[in-house]
Structure formats: C-alpha cells, structure tokens
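Asker: Quick one, entry-v8.tsv (TSV, C-alpha atoms):
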```tsv
chain	number	residue	atom	x	y	z
A	1	MET	CA	0.00	0.00	0.00
A	2	LYS	CA	1.32	3.48	-0.93
A	3	PRO	CA	2.46	5.43	2.16
A	4	LYS	CA	0.66	8.62	3.07
A	5	SER	CA	2.38	11.89	2.27
A	6	LYS	CA	1.91	15.23	3.94
A	7	HIS	CA	1.51	18.53	2.10
A	8	ARG	CA	1.45	22.09	3.27
A	9	SER	CA	-2.09	23.51	3.24
A	10	LEU	CA	-2.94	26.29	0.84
A	11	ASN	CA	-5.24	27.98	3.36
A	12	PHE	CA	-4.83	31.73	3.68
A	13	PRO	CA	-5.56	33.76	6.84
A	14	PHE	CA	-8.48	35.38	5.00
A	15	TYR	CA	-11.14	34.34	2.50
A	16	VAL	CA	-13.71	36.00	0.25
A	17	THR	CA	-17.43	35.41	0.65
A	18	LYS	CA	-20.49	36.83	-1.06
A	19	ARG	CA	-22.49	39.46	0.79
A	20	LEU	CA	-26.04	38.52	1.73
A	21	GLY	CA	-28.86	40.94	2.37
A	22	PHE	CA	-26.89	43.96	1.15
A	23	SER	CA	-29.35	46.85	0.70
A	24	LYS	CA	-29.48	49.04	-2.39
A	25	LYS	CA	-28.96	52.08	-0.17
A	26	LYS	CA	-25.61	50.75	1.06
A	27	TYR	CA	-24.70	49.63	-2.44
A	28	TRP	CA	-25.22	53.08	-3.92
A	29	ALA	CA	-23.47	54.68	-0.95
A	30	ILE	CA	-20.37	52.62	-1.76
A	31	ARG	CA	-20.68	53.55	-5.42
A	32	ALA	CA	-21.03	57.26	-4.60
A	33	GLY	CA	-18.02	57.07	-2.31
A	34	GLY	CA	-16.04	55.35	-5.05
A	35	ILE	CA	-16.90	58.08	-7.58
A	36	LEU	CA	-15.77	60.81	-5.18
A	37	LEU	CA	-12.60	58.86	-4.38
A	38	ALA	CA	-11.81	58.48	-8.08
A	39	PHE	CA	-11.97	62.25	-8.66
A	40	PHE	CA	-9.95	62.87	-5.48
A	41	LEU	CA	-7.24	60.45	-6.66
A	42	ALA	CA	-7.15	62.21	-10.03
A	43	GLY	CA	-6.41	65.43	-8.14
A	44	VAL	CA	-3.67	63.64	-6.20
A	45	VAL	CA	-2.08	62.43	-9.45
A	46	CYS	CA	-2.14	65.99	-10.79
A	47	THR	CA	-0.50	67.24	-7.57
A	48	ILE	CA	2.25	64.62	-7.83
A	49	LEU	CA	3.01	65.69	-11.40
A	50	LYS	CA	2.68	69.41	-10.63
A	51	PRO	CA	3.05	70.12	-6.89
A	52	GLY	CA	0.59	72.66	-5.56
A	53	SER	CA	-1.96	72.14	-8.33
A	54	PHE	CA	-4.62	70.28	-6.29
A	55	GLY	CA	-7.06	73.21	-6.06
A	56	THR	CA	-6.35	74.32	-9.61
A	57	PHE	CA	-7.13	70.82	-10.85
A	58	PHE	CA	-10.70	70.81	-9.54
A	59	HIS	CA	-11.33	74.40	-10.59
A	60	GLU	CA	-10.19	73.69	-14.16
A	61	LEU	CA	-11.98	70.33	-14.26
A	62	PHE	CA	-15.28	72.04	-13.44
A	63	ARG	CA	-14.59	74.92	-15.83
A	64	GLY	CA	-13.68	72.53	-18.63
A	65	CYS	CA	-17.09	70.85	-18.41
A	66	PHE	CA	-19.61	73.32	-17.04
A	67	ASP	CA	-18.49	76.76	-18.19
A	68	PHE	CA	-21.86	78.08	-19.38
A	69	SER	CA	-20.27	81.36	-20.45
A	70	ASP	CA	-18.75	79.31	-23.30
A	71	ILE	CA	-21.60	77.15	-24.58
A	72	SER	CA	-19.25	75.19	-26.87
A	73	THR	CA	-17.60	73.70	-23.77
A	74	VAL	CA	-20.89	72.29	-22.55
A	75	ILE	CA	-21.78	71.03	-26.03
A	76	ASP	CA	-18.41	69.29	-26.35
A	77	LEU	CA	-19.11	67.53	-23.05
A	78	LEU	CA	-22.55	66.48	-24.27
A	79	VAL	CA	-21.08	65.18	-27.53
A	80	THR	CA	-18.56	63.00	-25.68
A	81	PHE	CA	-21.29	61.85	-23.30
A	82	SER	CA	-23.63	61.07	-26.19
A	83	LEU	CA	-21.10	58.96	-28.08
A	84	LEU	CA	-20.16	56.93	-25.00
A	85	LEU	CA	-23.82	56.49	-24.15
A	86	LEU	CA	-24.70	55.31	-27.65
A	87	ILE	CA	-21.83	52.83	-27.76
A	88	ALA	CA	-22.63	51.36	-24.34
A	89	ILE	CA	-26.38	51.12	-24.98
A	90	THR	CA	-25.73	49.50	-28.38
A	91	LEU	CA	-23.55	46.85	-26.73
A	92	THR	CA	-26.15	46.13	-24.06
A	93	PRO	CA	-28.52	43.76	-25.96
A	94	ALA	CA	-25.62	41.49	-26.97
A	95	PHE	CA	-24.26	41.47	-23.42
A	96	LYS	CA	-27.68	40.69	-21.96
A	97	MET	CA	-27.75	37.75	-24.35
A	98	LYS	CA	-24.27	36.73	-23.05
A	99	PHE	CA	-22.74	37.37	-26.46
A	100	TRP	CA	-19.56	39.14	-25.32
A	101	ASN	CA	-18.99	41.60	-28.14
A	102	ILE	CA	-15.63	43.33	-27.53
A	103	GLY	CA	-15.43	44.61	-31.10
A	104	ALA	CA	-17.29	47.92	-30.85
A	105	GLU	CA	-14.11	49.86	-31.67
A	106	GLY	CA	-13.66	48.13	-35.00
A	107	GLN	CA	-17.36	47.95	-35.81
A	108	ILE	CA	-17.66	51.72	-35.45
A	109	LEU	CA	-14.40	52.32	-37.32
A	110	VAL	CA	-15.65	50.38	-40.36
A	111	GLY	CA	-18.76	52.58	-40.37
A	112	CYS	CA	-16.52	55.65	-40.17
A	113	LEU	CA	-14.50	54.38	-43.13
A	114	ALA	CA	-17.57	53.85	-45.30
A	115	ALA	CA	-19.08	57.23	-44.39
A	116	ALA	CA	-15.81	59.06	-45.01
A	117	GLY	CA	-15.29	57.41	-48.39
A	118	ILE	CA	-18.78	58.31	-49.60
A	119	ALA	CA	-18.59	61.88	-48.25
A	120	ARG	CA	-15.15	62.51	-49.73
A	121	PHE	CA	-15.68	61.18	-53.24
A	122	ASN	CA	-19.10	62.62	-54.01
A	123	PRO	CA	-18.46	66.39	-53.85
A	124	ASP	CA	-20.84	67.23	-56.70
A	125	LEU	CA	-23.94	65.66	-55.17
A	126	PRO	CA	-26.35	67.69	-53.02
A	127	ASN	CA	-25.30	67.84	-49.39
A	128	ALA	CA	-28.47	66.16	-48.10
A	129	LEU	CA	-28.09	63.27	-50.54
A	130	VAL	CA	-24.45	62.76	-49.55
A	131	LEU	CA	-25.45	62.62	-45.88
A	132	ILE	CA	-28.10	59.99	-46.61
A	133	LEU	CA	-25.75	57.89	-48.75
A	134	ALA	CA	-23.00	58.15	-46.13
A	135	LEU	CA	-25.42	57.03	-43.42
A	136	LEU	CA	-26.64	54.05	-45.44
A	137	GLY	CA	-23.10	53.08	-46.40
A	138	ALA	CA	-21.91	53.25	-42.80
A	139	GLN	CA	-24.83	51.18	-41.57
A	140	VAL	CA	-24.33	48.48	-44.21
A	141	ALA	CA	-20.57	48.27	-43.60
A	142	SER	CA	-20.89	48.10	-39.81
A	143	THR	CA	-23.73	45.57	-39.98
A	144	ILE	CA	-21.67	43.24	-42.17
A	145	TRP	CA	-18.67	43.64	-39.86
A	146	THR	CA	-20.77	43.08	-36.73
A	147	ILE	CA	-22.73	40.08	-37.97
A	148	ILE	CA	-19.67	38.09	-39.14
A	149	PRO	CA	-18.72	36.88	-35.62
A	150	ALA	CA	-22.38	36.09	-34.92
A	151	ILE	CA	-22.54	33.86	-38.01
A	152	PHE	CA	-19.39	32.01	-36.96
A	153	LYS	CA	-20.79	31.66	-33.43
A	154	ALA	CA	-24.05	30.21	-34.77
A	155	LEU	CA	-22.38	27.82	-37.23
A	156	PHE	CA	-19.16	26.79	-35.48
A	157	ASN	CA	-19.62	27.93	-31.85
A	158	THR	CA	-16.50	30.11	-32.03
A	159	ASN	CA	-15.38	32.27	-29.11
A	160	GLU	CA	-17.02	35.63	-29.82
A	161	THR	CA	-14.77	37.51	-27.38
A	162	LEU	CA	-11.57	36.60	-29.22
A	163	PHE	CA	-13.25	36.86	-32.63
A	164	THR	CA	-14.57	40.39	-32.11
A	165	LEU	CA	-11.34	41.51	-30.44
A	166	MET	CA	-9.33	40.25	-33.41
A	167	MET	CA	-11.59	42.12	-35.83
A	168	ASN	CA	-10.74	45.42	-34.11
A	169	TYR	CA	-7.17	45.12	-35.33
A	170	ILE	CA	-8.27	44.10	-38.81
A	171	ALA	CA	-10.52	47.17	-38.99
A	172	THR	CA	-7.66	49.45	-37.93
A	173	VAL	CA	-5.28	48.03	-40.52
A	174	LEU	CA	-7.99	48.14	-43.21
A	175	SER	CA	-8.68	51.80	-42.44
A	176	ALA	CA	-4.97	52.70	-42.50
A	177	MET	CA	-4.57	50.89	-45.82
A	178	MET	CA	-7.51	52.69	-47.41
A	179	ILE	CA	-6.28	56.07	-46.18
A	180	SER	CA	-2.83	55.40	-47.66
A	181	LEU	CA	-4.52	54.68	-51.00
A	182	TRP	CA	-6.83	57.69	-50.88
A	183	VAL	CA	-4.49	60.29	-49.35
A	184	LYS	CA	-1.22	60.58	-51.27
A	185	ASN	CA	0.51	63.23	-49.12
A	186	GLY	CA	1.45	60.72	-46.41
A	187	SER	CA	-0.54	62.42	-43.64
A	188	MET	CA	-2.59	59.22	-43.02
A	189	ALA	CA	-5.68	61.37	-42.40
A	190	PHE	CA	-8.38	63.05	-44.42
A	191	GLY	CA	-8.51	66.79	-44.35
A	192	VAL	CA	-11.79	68.48	-43.56
A	193	LEU	CA	-14.44	66.80	-45.66
A	194	SER	CA	-15.73	69.11	-48.36
A	195	ASN	CA	-19.18	67.55	-48.30
A	196	GLY	CA	-21.35	65.32	-46.16
A	197	ILE	CA	-21.27	67.79	-43.28
A	198	PHE	CA	-24.01	68.26	-40.72
A	199	PRO	CA	-25.60	71.71	-40.72
A	200	SER	CA	-24.25	73.87	-37.93
A	201	ILE	CA	-26.60	74.42	-34.96
A	202	LEU	CA	-25.67	76.98	-32.29
A	203	ASP	CA	-22.30	77.33	-34.08
A	204	ASN	CA	-21.37	73.78	-33.16
A	205	THR	CA	-21.69	70.87	-35.55
A	206	GLY	CA	-21.93	68.40	-32.66
A	207	THR	CA	-25.31	69.67	-31.50
A	208	LEU	CA	-27.28	67.67	-34.03
A	209	ALA	CA	-25.32	64.57	-33.01
A	210	VAL	CA	-26.47	65.13	-29.42
A	211	ILE	CA	-30.10	65.43	-30.53
A	212	LEU	CA	-29.90	62.25	-32.60
A	213	ALA	CA	-28.19	60.46	-29.71
A	214	ILE	CA	-31.09	61.32	-27.39
A	215	VAL	CA	-33.61	59.98	-29.91
A	216	ILE	CA	-31.65	56.74	-30.41
A	217	PHE	CA	-31.19	56.25	-26.66
A	218	ILE	CA	-34.92	56.59	-26.02
A	219	GLY	CA	-35.65	54.10	-28.78
A	220	MET	CA	-33.11	51.63	-27.38
A	221	TYR	CA	-34.53	52.06	-23.88
A	222	PHE	CA	-37.96	50.90	-25.03
A	223	TYR	CA	-36.39	48.20	-27.23
A	224	ILE	CA	-34.50	46.71	-24.27
A	225	LYS	CA	-37.01	47.23	-21.49
A	226	MET	CA	-40.40	46.90	-23.16
A	227	GLY	CA	-40.02	45.39	-26.63
A	228	LYS	CA	-40.64	41.79	-27.60
A	229	HIS	CA	-37.11	41.48	-28.96
A	230	GLY	CA	-35.68	42.76	-25.69
A	231	TYR	CA	-37.66	40.10	-23.84
A	232	GLU	CA	-36.34	37.37	-26.14
A	233	VAL	CA	-32.78	38.62	-25.62
A	234	SER	CA	-33.23	38.34	-21.85
A	235	ILE	CA	-34.59	34.79	-22.12
A	236	VAL	CA	-31.70	33.67	-24.33
A	237	GLY	CA	-29.26	35.27	-21.91
A	238	GLU	CA	-30.74	33.46	-18.93
A	239	SER	CA	-30.83	30.02	-20.53
A	240	ARG	CA	-30.73	28.77	-24.09
A	241	ASP	CA	-32.53	25.63	-23.00
A	242	THR	CA	-35.37	27.71	-21.59
A	243	ALA	CA	-35.47	29.73	-24.80
A	244	ALA	CA	-35.74	26.55	-26.86
A	245	TYR	CA	-38.46	25.22	-24.55
A	246	VAL	CA	-40.65	28.30	-25.09
A	247	GLY	CA	-40.02	28.27	-28.84
A	248	ILE	CA	-37.33	30.96	-29.17
A	249	ASN	CA	-34.60	30.27	-31.73
A	250	ALA	CA	-31.45	31.42	-29.91
A	251	ASN	CA	-29.30	31.68	-33.05
A	252	LYS	CA	-31.96	33.71	-34.83
A	253	VAL	CA	-32.19	36.10	-31.87
A	254	MET	CA	-28.40	36.39	-31.77
A	255	LEU	CA	-28.11	37.22	-35.47
A	256	ARG	CA	-30.96	39.72	-35.30
A	257	THR	CA	-29.52	41.40	-32.22
A	258	MET	CA	-26.08	41.75	-33.77
A	259	ALA	CA	-27.63	43.13	-36.96
A	260	VAL	CA	-29.44	45.81	-34.93
A	261	SER	CA	-26.16	46.58	-33.15
A	262	GLY	CA	-24.42	46.85	-36.51
A	263	VAL	CA	-26.93	49.39	-37.81
A	264	LEU	CA	-26.46	51.49	-34.68
A	265	PHE	CA	-22.66	51.23	-34.76
A	266	GLY	CA	-22.78	52.41	-38.36
A	267	THR	CA	-24.91	55.35	-37.29
A	268	ILE	CA	-22.36	56.19	-34.59
A	269	GLY	CA	-19.55	56.05	-37.15
A	270	TRP	CA	-21.54	58.38	-39.40
A	271	LEU	CA	-22.07	60.78	-36.49
A	272	ILE	CA	-18.35	60.83	-35.72
A	273	VAL	CA	-17.18	61.40	-39.29
A	274	CYS	CA	-19.90	63.62	-40.74
A	275	GLY	CA	-21.05	65.41	-37.59
A	276	VAL	CA	-18.37	65.65	-34.92
A	277	ASN	CA	-14.90	65.36	-36.49
A	278	GLN	CA	-15.71	66.07	-40.15
A	279	SER	CA	-12.54	64.18	-41.07
A	280	PHE	CA	-11.22	60.65	-40.85
A	281	ASN	CA	-8.16	58.75	-39.63
A	282	ALA	CA	-7.51	55.20	-38.39
A	283	THR	CA	-7.68	56.24	-34.72
A	284	ILE	CA	-10.77	58.43	-34.96
A	285	VAL	CA	-12.83	56.29	-32.54
A	286	GLY	CA	-10.18	56.94	-29.91
A	287	GLY	CA	-10.79	53.94	-27.66
A	288	LYS	CA	-14.42	54.82	-27.04
A	289	GLY	CA	-15.46	51.32	-28.12
A	290	PHE	CA	-13.48	49.76	-25.28
A	291	THR	CA	-14.69	52.41	-22.83
A	292	GLY	CA	-18.25	51.61	-23.85
A	293	VAL	CA	-17.70	47.97	-22.86
A	294	LEU	CA	-16.69	49.06	-19.34
A	295	ILE	CA	-19.61	51.47	-19.07
A	296	ALA	CA	-22.14	48.85	-20.16
A	297	TRP	CA	-20.79	46.38	-17.60
A	298	LEU	CA	-20.63	48.91	-14.76
A	299	GLY	CA	-24.18	49.97	-15.61
A	300	HIS	CA	-25.35	46.33	-15.22
A	301	PHE	CA	-26.83	46.62	-18.73
A	302	GLU	CA	-29.49	48.98	-17.38
A	303	PRO	CA	-30.01	52.07	-19.60
A	304	LEU	CA	-30.27	54.66	-16.81
A	305	GLU	CA	-27.20	53.38	-14.99
A	306	ILE	CA	-25.35	53.32	-18.30
A	307	ALA	CA	-26.33	56.97	-18.83
A	308	LEU	CA	-24.91	57.87	-15.39
A	309	PHE	CA	-21.52	56.25	-15.98
A	310	SER	CA	-21.34	57.60	-19.53
A	311	PHE	CA	-21.74	61.12	-18.16
A	312	LEU	CA	-19.19	60.62	-15.38
A	313	SER	CA	-16.69	59.16	-17.83
A	314	ALA	CA	-17.21	62.12	-20.18
A	315	VAL	CA	-16.66	64.56	-17.31
A	316	MET	CA	-13.47	62.76	-16.28
A	317	ASP	CA	-12.16	62.71	-19.85
A	318	GLN	CA	-12.90	66.29	-20.84
A	319	GLY	CA	-12.34	67.85	-17.41
A	320	THR	CA	-8.92	66.29	-16.92
A	321	ARG	CA	-7.81	67.39	-20.38
A	322	THR	CA	-8.67	70.99	-19.52
A	323	ALA	CA	-6.99	70.73	-16.11
A	324	ALA	CA	-3.85	69.21	-17.64
A	325	SER	CA	-3.58	72.03	-20.15
A	326	ALA	CA	-4.01	74.60	-17.36
A	327	VAL	CA	-1.13	73.18	-15.30
A	328	ASN	CA	1.02	72.47	-18.37
A	329	ILE	CA	1.22	68.68	-18.44
A	330	SER	CA	0.42	66.23	-21.24
A	331	SER	CA	-3.38	66.39	-21.51
A	332	THR	CA	-3.79	63.12	-23.46
A	333	GLN	CA	-1.65	60.97	-21.18
A	334	PHE	CA	-2.96	62.56	-17.99
A	335	SER	CA	-6.57	62.10	-19.09
A	336	ALA	CA	-5.88	58.42	-19.88
A	337	ILE	CA	-4.32	57.91	-16.43
A	338	CYS	CA	-7.25	59.56	-14.66
A	339	THR	CA	-9.81	57.62	-16.67
A	340	GLY	CA	-7.99	54.41	-15.80
A	341	VAL	CA	-8.01	55.36	-12.10
A	342	PHE	CA	-11.73	56.13	-12.35
A	343	PHE	CA	-12.65	52.74	-13.75
A	344	PHE	CA	-10.27	50.90	-11.41
A	345	VAL	CA	-11.87	52.46	-8.33
A	346	ILE	CA	-15.43	51.88	-9.54
A	347	ILE	CA	-14.68	48.25	-10.38
A	348	ALA	CA	-13.14	47.81	-6.92
A	349	CYS	CA	-16.32	49.26	-5.40
A	350	GLU	CA	-18.35	46.77	-7.41
A	351	PHE	CA	-16.29	43.96	-5.91
A	352	PHE	CA	-16.60	45.14	-2.30
A	353	SER	CA	-20.32	45.80	-2.67
A	354	ARG	CA	-20.87	42.18	-3.72
A	355	TYR	CA	-18.21	40.40	-1.67
A	356	GLN	CA	-16.53	40.75	1.72
A	357	ILE	CA	-13.19	39.62	3.08
A	358	LYS	CA	-13.21	37.62	6.32
A	359	MET	CA	-10.43	36.23	8.51
A	360	HIS	CA	-10.13	32.58	9.44
A	361	HIS	CA	-10.65	31.93	13.15
A	362	LYS	CA	-8.44	28.84	13.14
A	363	GLU	CA	-5.43	28.32	10.97
A	364	LYS	CA	-5.10	24.88	9.39
A	365	THR	CA	-1.50	24.11	8.68
A	366	GLU	CA	-1.53	20.80	6.89
A	367	VAL	CA	-3.78	18.08	5.49
A	368	GLU	CA	-3.21	14.46	4.78
A	369	SER	CA	-3.84	12.98	1.37
A	370	LEU	CA	-3.37	9.56	-0.19
```
Mind converting the file's structure to structure tokens?

Answerer:
Amino acid sequence: MKPKSKHRSLNFPFYVTKRLGFSKKKYWAIRAGGILLAFFLAGVVCTILKPGSFGTFFHELFRGCFDFSDISTVIDLLVTFSLLLLIAITLTPAFKMKFWNIGAEGQILVGCLAAAGIARFNPDLPNALVLILALLGAQVASTIWTIIPAIFKALFNTNETLFTLMMNYIATVLSAMMISLWVKNGSMAFGVLSNGIFPSILDNTGTLAVILAIVIFIGMYFYIKMGKHGYEVSIVGESRDTAAYVGINANKVMLRTMAVSGVLFGTIGWLIVCGVNQSFNATIVGGKGFTGVLIAWLGHFEPLEIALFSFLSAVMDQGTRTAASAVNISSTQFSAICTGVFFFVIIACEFFSRYQIKMHHKEKTEVESL
C-alpha cells in the first residue's frame, strides 16, 4: 500500500465570501463614495506631477465641463457623453444575451470608413443626398462587420470575445490601408471633408449629433425594457434551454440582435465622421469602443445606470484634459491615467459591494492525502 504523504495547506488567513442581504442604499453609498474617491485620486495624481496644483485641478476640471459662459464647452461635453452612451447602450442587448462583443471599436471604425469614403468622393452631389448615402453606407458596412462573428458563433460555436477583439485590429489596418490609398501626401488622415457635413446648430456641428443620440437612446430604452425582442434577448441570456423550450430560436435572436447593433454602430460612425470630427483617420474612434464595454458592464446593462456612468466618464475625460492644459502637463496621457483610475476604483467598489473579506478563526496548517 502506498504510504501517506503530507503537504502544506494552501489555506490563507483570509477568505472572500459573497455578501447577503446587502441593501441598495448601502450599495449606492459605496458607489457614490467610489466616484468621489476616483476624482480625489485624479487630483492627487495631478498634484504629484505638478506640486501645488490640487485646487487648480478641480477648478479647471469644473470649468472645462460646465463653463456656461462658453456654450461650446458644454456642447463638447454632451457630444462625448452622447457617443459613450450610444456605444454602451448599443452593446447592451448582446451582453444581456451573453454574447460578449468586444469589437465595438472596429465595428464603429468600419462605419466611419464607409461614411468618409462616400462623403469625400461625391463632392458634386447635393449635401443632403451625400449625408443619406454616407449614413446608409456606414450602416451596411458596420452591420456586415458586426454580424460576421455572430454567423461564426451560430455555425461553429467560435469564441465571440476573441473573434470580435481580433476584428478590431483588422478594422484598424484596413482603415490605414484605405487612407494610404486615398491620401497621397502621407498624412494618413483626411482633411476636412468638403461635403457630407451636418448643418451647424448653435455654431457647433456636434449639437445635431447630441439630438440624434437622445432619440436613439430613447428608442433603445424601449427596445430593451419593453419590446418583444428585448424580452427574447433576456430569455436567451438566462438560458438557451429555456429559450428553446418556449419556442425561441437562440441563433436567430443572436443574429438579429447583432444586426441591430451593426446598424447602430454604423450610425455612430456616421455621427463621428460627418457630424463631430468632419474628417477621418484610423484612430478616430479613440478607444471609445473599449470604454463603452466598461460602461455597459458597470451599468449592469441597465439604460439609466449606463447613462450615469457615460456622463461621469465624459466629465473625467474632458475635465482632466482641460486641467492638464491649465497646469502644463500632457493632456492626453494625464486624461488616460485619470480615466484608468476612475474605472479601477469603480470596479473595486463593485467587488466590495458584492463580496466581503473575512479572517479565518483557526489556521489549518496541513492536510493528509493519499
């Protein structure tokens, strides 16, 4: 008979357990505290980089977002908020269905590419017609790009997370290649588009994008919360077996949901190219697709919570850029650091609101095994 051997136990002095009976009031109190802590830590980072700038940081952060004497500042904040909100709410149906679409960055970028190409190479057509053609082109391109991983998932049960992530890089390279073919001066970016431009409202071309974003968000709210398709998405997300039992074709729902997402991602790309930036380059989405994934998850796929975190993320992004410029540090890098701190703290709050750390009363040192 094989002799017994002794091994050191892997027990730690503490362990993690799920919280039970945790009230919503306490949950939101932790979240609120985390939000305040995130902004405080951003001020600390600014002070480390530029000693004595703590007060200036918060003053400039507020001025950079809520300076109503300069209405363009507020509109710029609303534009950033609207784009993040649209991306996160567009990702939500797929996430509720447990189809983990991490490809929003590339899906939007392909829509941007199609819209930019149509707007740039049809200068003689009426402006309204160019806008319509650019919108349709962006929607078709993004829908095709978005539905490809869904088809592979339905036919071959591929991993949609890796598939959609991979397609982000393909979209970036495809966009860079097309720009190099279209723009011969080596700048790797379109100049200001000569056509396909939104009409200016309140001297800011982003205003119409904000209005359209509100309309789309309201439509998506009813689609997710009250529509038949939203109900089917929830059933598929809870259990495919249950969906099959009640007569719901899970693959059909998945393909339809991703097609709807593709149309909306194309619309977002059109808004970015023809309404907000009025130009095009391979990095025009600027990481907002990945940020939208975080916002959708932190918002628990609930539209109103998603709106809250979209707004806070927009404030952090735009406010820290203004503060960085005021204290003479790199605005892009500083904003990225602060945004990262923001999401790290909020995710940590999510963990501690759902779980708690407890200490072992008795330490077990070793166990016997055969």

Asker: Using all atoms listed in the file, which residues sit within 6 Å of stretch 328-343 of chain A once same-chain residues fewer than 3 positions away are excluded, as a PyMOL selection string?

Answerer: chain A and resi 38+42+317+320-321+324-325+346-347

Asker: Would you list the contacts of stretch 258-267 of chain A as an NGL selection string, taking every protein, DNA or RNA residue within 8 Å and counting all atoms listed in the file, but skipping same-chain residues closer than 6 positions in sequence?

Answerer: :A and (87 or 90-91 or 94 or 104 or 107-108 or 110-112 or 135 or 138-147 or 150)

Asker: Please measure the separation of atom CA of A:Gln278 and atom CA of A:Phe62, giving the value in Å to one decimal.

Answerer: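 Calculated distance between atom CA of A:Gln278 and atom CA of A:Phe62 is 27.4 Å.
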
Asker: Would you compute the distance between atom CA of A:Phe99 and atom CA of A:Glu160? Give it in Å to one decimal.

Answerer: 6.9 Å

Asker: Work out how far atom CA of A:Cys349 is from atom CA of A:Arg31, in Å to one decimal.

Answerer: 6.1 Å

Asker: Applying 8 Å and only C-alpha atoms, which residues near A:Gly237 remain after dropping the ones on its own chain fewer than 4 positions away? List them as a PyMOL selection string.

Answerer: chain A and resi 96-98+233

Asker: Determine the nearest neighbour of A:Gly289 from the options A:Asn168, A:Ser239, A:Asn249, A:Ser180, counting only C-alpha atoms.

Answerer: A:Asn168

Asker: Please determine, counting all atoms listed in the file, which residue among A:Asn101, A:Gly55, A:Lys24, A:Phe121 has the shortest atom-to-atom distance to A:Met166.

Answerer: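 Ranked by minimum distance to A:Met166, first place goes to A:Asn101.
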
Asker: In terms of the shortest atom-to-atom distance over all atoms listed in the file, which of A:Gly117, A:Phe68, A:Ile148, A:Phe352 is closest to A:Leu181?

Answerer: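 Comparing A:Gly117, A:Phe68, A:Ile148, A:Phe352 against A:Leu181, the winner is A:Gly117.
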
Asker: Residues near A:Met167, anyone? I mean within 9 Å using all atoms listed in the file, not counting same-chain ones fewer than 4 positions away, as number ranges by chain.

Answerer: A: 103, 106-107, 145, 149, 162-163, 171-172

Asker: Which one is closest to A:Gly275: A:Leu61, A:Val345, A:Ala119, A:Ile235? Count all atoms listed in the file.

Answerer: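 Distance minimum relative to A:Gly275 lands on A:Ala119.
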
Asker: What residues have an atom no more than 8 Å from (-5.3, 57.6, -44.0) in the file's own frame, counting all atoms listed in the file, and can you write them as a PyMOL selection string?

Answerer: chain A and resi 175-183+186-190+280-282

Asker: Would you please work out which residue, of A:Asn122, A:Thr283, A:Ser23, A:Asn185, is nearest to A:Leu109 when using all atoms listed in the file?

Answerer: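 Smallest distance to A:Leu109 is found for A:Thr283.
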
Asker: Skipping near chain neighbours, those fewer than 2 positions away, what residues fall within 7 Å of A:Leu77 using all atoms listed in the file, listed as a ChimeraX atom specification?

Answerer: /A:65,73-75,79-81,314-315,318

Asker: Given all atoms listed in the file as the basis, pick out the residue of A:Trp270, A:Trp100, A:Phe57, A:Tyr15 nearest to A:Leu294.

Answerer: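 Smallest separation from A:Leu294 among the options: A:Trp100.
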